[in-house]
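**Student:** Structure file entry-v8.txt, compact mmCIF, C-alpha atoms and all ligand atoms, is pasted below:
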```txt
# COMPACT_ATOMS: atom_id res chain seq x y z
CA MET A 1156 0.00 0.00 0.00
CA SER A 1157 1.43 3.37 -0.99
CA SER A 1158 1.70 6.40 1.25
CA PHE A 1159 3.53 9.73 1.43
CA GLU A 1160 6.56 7.69 2.54
CA THR A 1161 6.50 5.98 -0.89
CA LEU A 1162 6.86 9.35 -2.66
CA LYS A 1163 9.84 10.17 -0.48
CA SER A 1164 11.60 6.81 -0.60
CA ARG A 1165 11.32 6.61 -4.41
CA ASN A 1166 12.90 10.07 -4.61
CA ALA A 1167 15.38 9.57 -1.76
CA GLY A 1168 18.30 11.29 -3.52
CA GLU A 1169 16.25 14.34 -4.54
CA TRP A 1170 14.69 14.58 -1.09
CA GLN A 1171 18.04 14.47 0.69
CA ALA A 1172 19.55 17.05 -1.69
CA TYR A 1173 16.62 19.38 -0.88
CA ARG A 1174 16.54 18.78 2.88
CA GLU A 1175 20.29 18.96 3.35
CA HIS A 1176 21.07 21.68 0.81
CA ASP A 1177 24.00 23.97 1.55
CA PHE A 1178 21.58 26.90 1.99
CA VAL A 1179 19.76 24.92 4.70
CA CYS A 1180 22.96 23.84 6.47
CA ARG A 1181 24.29 27.39 6.49
CA LEU A 1182 20.97 28.65 7.89
CA GLY A 1183 21.35 26.16 10.72
CA ALA A 1184 25.00 26.99 11.32
CA GLY A 1185 24.25 30.73 11.15
CA THR A 1186 26.84 31.18 8.39
CA LEU A 1187 24.50 31.99 5.50
CA PRO A 1188 25.35 35.46 4.12
CA GLU A 1189 22.50 37.83 5.00
CA GLU A 1190 22.37 38.98 1.37
CA ALA A 1191 21.54 35.41 0.32
CA PHE A 1192 18.73 35.22 2.87
CA ARG A 1193 17.34 38.61 1.79
CA HIS A 1194 17.34 37.51 -1.83
CA TYR A 1195 15.56 34.31 -0.83
CA LEU A 1196 12.96 36.26 1.23
CA LYS A 1197 12.17 38.55 -1.68
CA GLN A 1198 11.71 35.70 -4.14
CA ASP A 1199 9.72 33.82 -1.53
CA TYR A 1200 7.19 36.65 -1.47
CA LEU A 1201 6.59 36.03 -5.19
CA PHE A 1202 6.42 32.31 -4.51
CA LEU A 1203 3.77 32.82 -1.80
CA VAL A 1204 1.58 34.89 -4.13
CA GLN A 1205 1.65 32.05 -6.69
CA PHE A 1206 1.12 29.55 -3.88
CA ALA A 1207 -2.13 31.42 -3.08
CA ARG A 1208 -3.21 30.98 -6.71
CA ALA A 1209 -2.42 27.26 -6.41
CA TRP A 1210 -4.93 27.00 -3.53
CA GLY A 1211 -7.43 28.88 -5.67
CA LEU A 1212 -6.86 26.22 -8.30
CA ALA A 1213 -7.34 23.55 -5.62
CA VAL A 1214 -10.79 25.02 -4.90
CA TYR A 1215 -11.64 24.80 -8.60
CA LYS A 1216 -10.33 21.23 -8.87
CA SER A 1217 -12.38 20.10 -5.86
CA ARG A 1218 -15.05 17.48 -6.37
CA ASP A 1219 -17.14 18.04 -3.25
CA LEU A 1220 -17.88 20.68 -0.65
CA ASP A 1221 -15.40 19.28 1.90
CA GLU A 1222 -12.57 19.62 -0.61
CA ILE A 1223 -13.73 23.14 -1.50
CA ARG A 1224 -13.68 24.09 2.19
CA GLN A 1225 -10.17 22.63 2.64
CA GLY A 1226 -8.82 24.60 -0.36
CA LEU A 1227 -10.63 27.75 0.73
CA ASP A 1228 -9.25 27.52 4.29
CA SER A 1229 -5.71 27.19 2.91
CA LEU A 1230 -6.31 30.06 0.47
CA LYS A 1231 -7.61 32.29 3.27
CA ALA A 1232 -4.72 31.34 5.57
CA ILE A 1233 -2.14 32.30 2.97
CA VAL A 1234 -3.87 35.51 1.85
CA ASP A 1235 -5.10 36.77 5.24
CA VAL A 1236 -2.25 35.62 7.48
CA GLU A 1237 0.88 34.14 5.94
CA ILE A 1238 1.63 36.72 3.23
CA GLY A 1239 1.14 39.48 5.84
CA LEU A 1240 3.54 37.72 8.21
CA HIS A 1241 6.04 37.36 5.40
CA VAL A 1242 5.80 41.08 4.52
CA GLY A 1243 6.37 41.91 8.22
CA TYR A 1244 9.31 39.52 8.37
CA CYS A 1245 10.82 41.06 5.22
CA ALA A 1246 10.49 44.53 6.84
CA GLU A 1247 12.48 43.26 9.85
CA TRP A 1248 15.18 42.22 7.38
CA GLY A 1249 15.20 45.70 5.86
CA ILE A 1250 13.07 44.89 2.80
CA PRO A 1251 10.18 47.37 2.49
CA GLU A 1252 6.84 46.25 1.03
CA ASN A 1253 7.21 48.48 -2.04
CA ALA A 1254 10.42 46.61 -2.92
CA LEU A 1255 8.39 43.40 -3.17
CA ALA A 1256 5.57 44.44 -5.49
CA ASP A 1257 7.61 45.15 -8.64
CA LEU A 1258 10.21 42.47 -8.16
CA PRO A 1259 11.06 40.41 -11.27
CA PRO A 1260 10.85 36.67 -10.59
CA SER A 1261 14.08 34.65 -10.76
CA PRO A 1262 14.24 31.76 -13.24
CA ALA A 1263 14.07 29.32 -10.29
CA THR A 1264 10.92 31.02 -8.94
CA LEU A 1265 9.26 30.95 -12.34
CA ALA A 1266 10.24 27.32 -12.95
CA TYR A 1267 8.83 26.15 -9.65
CA THR A 1268 5.58 28.15 -9.57
CA ASP A 1269 4.88 27.42 -13.25
CA TYR A 1270 5.40 23.72 -12.65
CA VAL A 1271 3.03 23.60 -9.68
CA LEU A 1272 0.30 25.57 -11.46
CA GLU A 1273 0.70 23.62 -14.71
CA THR A 1274 0.55 20.30 -12.84
CA GLY A 1275 -2.65 21.34 -11.09
CA LEU A 1276 -4.18 22.82 -14.22
CA HIS A 1277 -3.74 19.69 -16.30
CA GLY A 1278 -4.10 17.18 -13.51
CA ASP A 1279 -6.50 16.58 -10.65
CA LEU A 1280 -6.56 17.72 -7.03
CA LEU A 1281 -4.20 14.94 -5.93
CA ASP A 1282 -1.64 15.88 -8.61
CA LEU A 1283 -1.72 19.44 -7.30
CA HIS A 1284 -1.28 18.36 -3.67
CA VAL A 1285 1.65 16.13 -4.63
CA ALA A 1286 3.29 19.05 -6.45
CA LEU A 1287 2.83 21.18 -3.29
CA ALA A 1288 3.93 18.47 -0.85
CA PRO A 1289 7.70 19.20 -0.96
CA CYS A 1290 6.86 22.79 -0.02
CA ILE A 1291 4.35 22.15 2.78
CA ILE A 1292 5.84 18.97 4.24
CA GLY A 1293 9.48 19.62 3.31
CA TYR A 1294 9.85 22.82 5.33
CA GLY A 1295 8.51 21.08 8.44
CA GLU A 1296 10.95 18.19 8.00
CA ILE A 1297 13.87 20.54 7.27
CA ALA A 1298 13.27 22.51 10.49
CA LEU A 1299 13.21 19.31 12.59
CA TRP A 1300 16.23 17.91 10.75
CA LEU A 1301 18.20 21.11 11.43
CA LYS A 1302 17.30 21.01 15.11
CA ALA A 1303 18.81 17.52 15.33
CA GLN A 1304 22.15 18.52 13.73
CA PRO A 1305 25.31 18.97 15.81
CA PHE A 1306 26.26 22.05 13.76
CA LEU A 1307 23.04 23.90 14.68
CA LYS A 1308 23.73 27.26 16.27
CA THR A 1309 20.83 28.77 18.22
CA ASP A 1310 22.29 31.66 20.23
CA GLY A 1311 23.11 34.64 18.07
CA ASN A 1312 21.95 32.90 14.89
CA PRO A 1313 19.89 35.41 12.85
CA TYR A 1314 17.93 32.50 11.33
CA THR A 1315 16.73 30.90 14.58
CA ALA A 1316 13.26 32.51 14.33
CA TRP A 1317 12.84 31.08 10.83
CA ILE A 1318 13.77 27.56 12.00
CA GLU A 1319 11.54 27.79 15.08
CA MET A 1320 8.56 28.93 13.00
CA TYR A 1321 8.63 25.73 10.92
CA ALA A 1322 9.51 23.52 13.90
CA SER A 1323 6.58 24.90 15.94
CA PRO A 1324 3.78 22.54 17.01
CA ASP A 1325 1.27 24.63 14.99
CA TYR A 1326 3.23 24.20 11.78
CA GLN A 1327 3.99 20.53 12.50
CA ALA A 1328 0.26 19.89 12.94
CA LEU A 1329 -0.39 21.37 9.49
CA VAL A 1330 2.34 19.12 8.07
CA GLN A 1331 0.78 16.06 9.69
CA SER A 1332 -2.69 16.86 8.34
CA GLU A 1333 -1.24 17.12 4.81
CA ILE A 1334 0.60 13.79 5.24
CA ASP A 1335 -2.64 12.17 6.50
CA TRP A 1336 -4.59 13.54 3.55
CA LEU A 1337 -2.00 12.24 1.07
CA ASP A 1338 -1.79 8.86 2.82
CA GLY A 1339 -5.57 8.46 2.51
CA ARG A 1340 -5.51 9.18 -1.23
CA LEU A 1341 -2.34 7.25 -2.10
CA ALA A 1342 -3.50 4.08 -0.35
CA ARG A 1343 -6.23 3.58 -2.96
CA LEU A 1344 -4.07 3.87 -6.08
CA ASP A 1345 -2.57 1.24 -8.37
CA ASP A 1346 1.17 1.06 -9.12
CA ALA A 1347 0.98 3.01 -12.38
CA ALA A 1348 -0.84 5.92 -10.73
CA VAL A 1349 1.66 5.96 -7.86
CA ALA A 1350 4.60 5.92 -10.29
CA ARG A 1351 3.14 8.97 -12.09
CA LEU A 1352 2.77 10.84 -8.79
CA CYS A 1353 6.31 9.86 -7.72
CA ALA A 1354 7.57 11.56 -10.88
CA ILE A 1355 5.64 14.77 -10.04
CA PHE A 1356 6.96 14.68 -6.47
CA GLY A 1357 10.55 14.19 -7.68
CA ILE A 1358 10.39 17.16 -10.05
CA ALA A 1359 8.80 19.46 -7.45
CA THR A 1360 11.48 18.40 -4.93
CA ARG A 1361 14.26 19.22 -7.41
CA LEU A 1362 12.68 22.62 -8.08
CA GLU A 1363 12.62 23.32 -4.31
CA ALA A 1364 16.36 22.51 -4.14
CA ASP A 1365 16.90 24.88 -7.10
CA PHE A 1366 15.05 27.54 -5.11
CA TRP A 1367 17.62 27.20 -2.29
CA GLN A 1368 20.43 27.35 -4.86
CA MET A 1369 18.95 30.56 -6.28
CA GLY A 1370 19.37 32.08 -2.81
CA LEU A 1371 23.07 31.18 -2.76
CA ASP A 1372 23.73 32.28 -6.34
CA LEU A 1373 21.80 35.57 -5.95
CA ILE A 1374 20.21 35.06 -9.39
C1 LIG B 1 10.06 28.06 -1.92
C2 LIG B 1 9.27 27.78 -0.70
N1 LIG B 1 8.88 26.54 -0.46
C3 LIG B 1 8.15 26.26 0.62
C4 LIG B 1 7.80 27.26 1.51
C5 LIG B 1 7.01 26.96 2.71
N2 LIG B 1 5.66 27.40 2.64
C6 LIG B 1 5.13 28.10 1.66
S1 LIG B 1 3.51 28.44 1.95
C7 LIG B 1 3.53 27.65 3.37
C8 LIG B 1 2.34 27.53 4.23
C9 LIG B 1 1.57 26.30 3.96
O1 LIG B 1 0.22 26.60 3.87
C10 LIG B 1 4.79 27.13 3.61
C11 LIG B 1 5.16 26.37 4.77
C12 LIG B 1 8.23 28.55 1.23
N3 LIG B 1 7.92 29.58 2.05
N4 LIG B 1 8.96 28.80 0.13
```
Have the structure of the file written as structure tokens, please.
Ligand SMILES: Cc1ncc(C[n+]2csc(CCO)c2C)c(N)n1
**Tutor:**
Amino acid sequence: MSSFETLKSRNAGEWQAYREHDFVCRLGAGTLPEEAFRHYLKQDYLFLVQFARAWGLAVYKSRDLDEIRQGLDSLKAIVDVEIGLHVGYCAEWGIPENALADLPPSPATLAYTDYVLETGLHGDLLDLHVALAPCIIGYGEIALWLKAQPFLKTDGNPYTAWIEMYASPDYQALVQSEIDWLDGRLARLDDAAVARLCAIFGIATRLEADFWQMGLDLI
């Protein structure tokens, strides 16, 4: 029987490269150049706006009222809460809101958001969730992974708040509900359908790793 674990284990190399990317390790060690983090934060604003559209698409791709409510709740959370928090967080890092609005997207941002939206547009609701899974579930796993590393620096690390946000019980509960949802859907599928979803998951995971790399390369 397939589960979220199947998606991960069949993309073990991609998943590890994403989770343990140099950007992530340097966040944990507190050695990431602040310019790299600022660049990442700015592009992440653009990512979050497209992520909101992806939840709008999830509403459209829903087949019943429960699914519509789930997509709508996620859409409202991102639009009413998370983008506002991100704008506030950017301001703390010296990035004013007006610097975010006209920002050109990096190739890595475009590649990732286009892939997620295209996958959802041409596929069904499960395809879309699988394309979003590295984002939603990955960040939760990365925060916990970092907290278990001997090189983690907490005191005086400018990135501690970021790590704690994704390690928090609130965020971990959201991760678990997404894993449960995926497990419920994946358990009913035949091997060919699972193989197709593994391919989507692998590509989305690679595009997340490219997003980290974009932060390091400042492109
Ligand atoms: C490139 C990129 N990937 C994943 C996230 C994480 N993330 C995006 S939206 C959201 C909330 C889930 O509803 C979370 C955790 C990010 N910020 N940027």
**Student:** Go through A:Ala1303, A:Ala1246, A:Val1349, A:Leu1287 one by one, measure the shortest atom-to-atom distance of each to Tyr1267 in chain A using only C-alpha atoms, and give the residue with the smallest value.
**Tutor:** A:Leu1287
**Student:** Got a sec: who's within 12 Å of Ser1157 in chain A, counting all atoms listed in the file, leaving out chain neighbours fewer than 5 positions off, as a PDB file with C-alpha atoms, in the frame of the given file?
**Tutor:**
```pdb
ATOM      1  CA  LEU A1162       6.860   9.350  -2.660  1.00  0.00           C
ATOM      2  CA  LYS A1163       9.840  10.170  -0.480  1.00  0.00           C
ATOM      3  CA  SER A1164      11.600   6.810  -0.600  1.00  0.00           C
ATOM      4  CA  ARG A1165      11.320   6.610  -4.410  1.00  0.00           C
ATOM      5  CA  LEU A1337      -2.000  12.240   1.070  1.00  0.00           C
ATOM      6  CA  ASP A1338      -1.790   8.860   2.820  1.00  0.00           C
ATOM      7  CA  GLY A1339      -5.570   8.460   2.510  1.00  0.00           C
ATOM      8  CA  ARG A1340      -5.510   9.180  -1.230  1.00  0.00           C
ATOM      9  CA  LEU A1341      -2.340   7.250  -2.100  1.00  0.00           C
ATOM     10  CA  ALA A1342      -3.500   4.080  -0.350  1.00  0.00           C
ATOM     11  CA  ARG A1343      -6.230   3.580  -2.960  1.00  0.00           C
ATOM     12  CA  LEU A1344      -4.070   3.870  -6.080  1.00  0.00           C
ATOM     13  CA  ASP A1345      -2.570   1.240  -8.370  1.00  0.00           C
ATOM     14  CA  ASP A1346       1.170   1.060  -9.120  1.00  0.00           C
ATOM     15  CA  ALA A1347       0.980   3.010 -12.380  1.00  0.00           C
ATOM     16  CA  ALA A1348      -0.840   5.920 -10.730  1.00  0.00           C
ATOM     17  CA  VAL A1349       1.660   5.960  -7.860  1.00  0.00           C
ATOM     18  CA  ALA A1350       4.600   5.920 -10.290  1.00  0.00           C
ATOM     19  CA  LEU A1352       2.770  10.840  -8.790  1.00  0.00           C
ATOM     20  CA  CYS A1353       6.310   9.860  -7.720  1.00  0.00           C
TER      21      CYS A1353
END
```
**Student:** Can I get the residues of chain A within 8 Å of ligand LIG 1 (chain B), each with the closest pair of atoms and their distance in Å to one decimal, using all atoms listed in the file, sorted chain first then ascending number, as JSON lines?
**Tutor:**
```
{"residue": "A:Asp1199", "atom": "CA", "partner": "B:LIG1", "partner_atom": "N4", "distance": 5.3}
{"residue": "A:Tyr1200", "atom": "CA", "partner": "B:LIG1", "partner_atom": "N3", "distance": 7.9}
{"residue": "A:Phe1202", "atom": "CA", "partner": "B:LIG1", "partner_atom": "C1", "distance": 6.2}
{"residue": "A:Leu1203", "atom": "CA", "partner": "B:LIG1", "partner_atom": "S1", "distance": 5.8}
{"residue": "A:Phe1206", "atom": "CA", "partner": "B:LIG1", "partner_atom": "S1", "distance": 6.4}
{"residue": "A:Ser1229", "atom": "CA", "partner": "B:LIG1", "partner_atom": "O1", "distance": 6.0}
{"residue": "A:Ala1232", "atom": "CA", "partner": "B:LIG1", "partner_atom": "O1", "distance": 7.1}
{"residue": "A:Ile1233", "atom": "CA", "partner": "B:LIG1", "partner_atom": "O1", "distance": 6.2}
{"residue": "A:Glu1237", "atom": "CA", "partner": "B:LIG1", "partner_atom": "C8", "distance": 7.0}
{"residue": "A:Thr1264", "atom": "CA", "partner": "B:LIG1", "partner_atom": "C1", "distance": 7.7}
{"residue": "A:Pro1289", "atom": "CA", "partner": "B:LIG1", "partner_atom": "C3", "distance": 7.2}
{"residue": "A:Cys1290", "atom": "CA", "partner": "B:LIG1", "partner_atom": "C3", "distance": 3.8}
{"residue": "A:Ile1291", "atom": "CA", "partner": "B:LIG1", "partner_atom": "C11", "distance": 4.7}
{"residue": "A:Ile1292", "atom": "CA", "partner": "B:LIG1", "partner_atom": "C11", "distance": 7.5}
{"residue": "A:Gly1293", "atom": "CA", "partner": "B:LIG1", "partner_atom": "C3", "distance": 7.3}
{"residue": "A:Tyr1294", "atom": "CA", "partner": "B:LIG1", "partner_atom": "C5", "distance": 5.7}
{"residue": "A:Gly1295", "atom": "CA", "partner": "B:LIG1", "partner_atom": "C11", "distance": 7.3}
{"residue": "A:Tyr1321", "atom": "CA", "partner": "B:LIG1", "partner_atom": "C11", "distance": 7.1}
{"residue": "A:Tyr1326", "atom": "CA", "partner": "B:LIG1", "partner_atom": "C11", "distance": 7.6}
{"residue": "A:Leu1329", "atom": "CA", "partner": "B:LIG1", "partner_atom": "C9", "distance": 7.7}
{"residue": "A:Glu1363", "atom": "CA", "partner": "B:LIG1", "partner_atom": "C1", "distance": 5.9}
{"residue": "A:Phe1366", "atom": "CA", "partner": "B:LIG1", "partner_atom": "C1", "distance": 5.9}
{"residue": "A:Trp1367", "atom": "CA", "partner": "B:LIG1", "partner_atom": "C1", "distance": 7.6}
```
**Student:** Would you mind reading off the distance between CA of Thr1360 in chain A and CA of Ala1254 in chain A, one decimal, in Å?
**Tutor:**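 Distance reported for this atom pair: 28.3 Å.
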**Student:** Mind giving me the straight-line distance from CA of Ala1209 in chain A to CA of Ala1316 in chain A in Å, one decimal?
**Tutor:**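 That distance, rounded to one decimal, is 26.5 Å.
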**Student:** Mind pulling up the distance from CA of Ser1261 in chain A to CA of Ile1374 in chain A?
**Tutor:**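 Distance between the two atoms: 6.3 Å.
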**Student:** With distances taken over all atoms listed in the file, which residue among A:Ala1266, A:Leu1272, A:Val1204, A:Ile1318 lies nearest Arg1361 in chain A?
**Tutor:**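 The closest residue to Arg1361 in chain A is A:Ala1266.
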**Student:** Considering only C-alpha atoms, return as a list of chain:residue names whatever protein or nucleic-acid residues lie within 9 Å of Gly1211 in chain A, sequence-local ones (same chain, fewer than 2 positions apart) excluded.
**Tutor:**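 Counting only the stated atoms, we get A:Phe1206, A:Ala1207, A:Arg1208, A:Ala1209, A:Ala1213, A:Val1214, A:Tyr1215, A:Lys1216, A:Gly1226, A:Leu1227, A:Ser1229, A:Leu1230.
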**Student:** Please provide the set of residues having any atom within 12 Å of Asp1257 in chain A, restricted to all atoms listed in the file, with same-chain residues fewer than 4 positions apart removed, written as a PyMOL selection string.
**Tutor:** chain A and resi 1197-1198+1200-1201+1251-1253
**Student:** Determine the nearest neighbour of Pro1259 in chain A from the options A:Val1236, A:Tyr1244, A:His1194, A:Gly1278, counting all atoms listed in the file.
**Tutor:** A:His1194
**Student:** Taking only C-alpha atoms into account, which of A:Val1234, A:Leu1299, A:Met1369, A:Leu1280 comes nearest Val1330 in chain A?
**Tutor:**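 Of A:Val1234, A:Leu1299, A:Met1369, A:Leu1280, the one nearest Val1330 in chain A is A:Leu1299, counting only C-alpha atoms.
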**Student:** Between A:Asp1282, A:Asp1372, A:Glu1273, A:Asp1310, which one has atoms that come closest to Ala1354 in chain A, using all atoms listed in the file?
**Tutor:**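 Among the listed residues, the smallest separation from Ala1354 in chain A belongs to A:Asp1282.
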**Student:** Have a look at A:Asp1228, A:Leu1258, A:His1241, A:Thr1186 and name the one nearest to Thr1315 in chain A; count only C-alpha atoms.
**Tutor:**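 Under the stated criterion, the closest residue is A:Thr1186.
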**Student:** Taking 4 positions as the minimum chain separation for residues in the same chain, which residues sit within 8 Å of Ala1364 in chain A when counting only C-alpha atoms? Answer as number ranges by chain.
**Tutor:** A: 1172-1174, 1176, 1360, 1368
**Student:** Please provide as a ChimeraX atom specification all residues within 7 Å of Ala1286 in chain A, with the sequence filter that same-chain residues fewer than 5 positions apart are discarded (counting all atoms listed in the file).
**Tutor:** /A:1271,1355-1356,1359
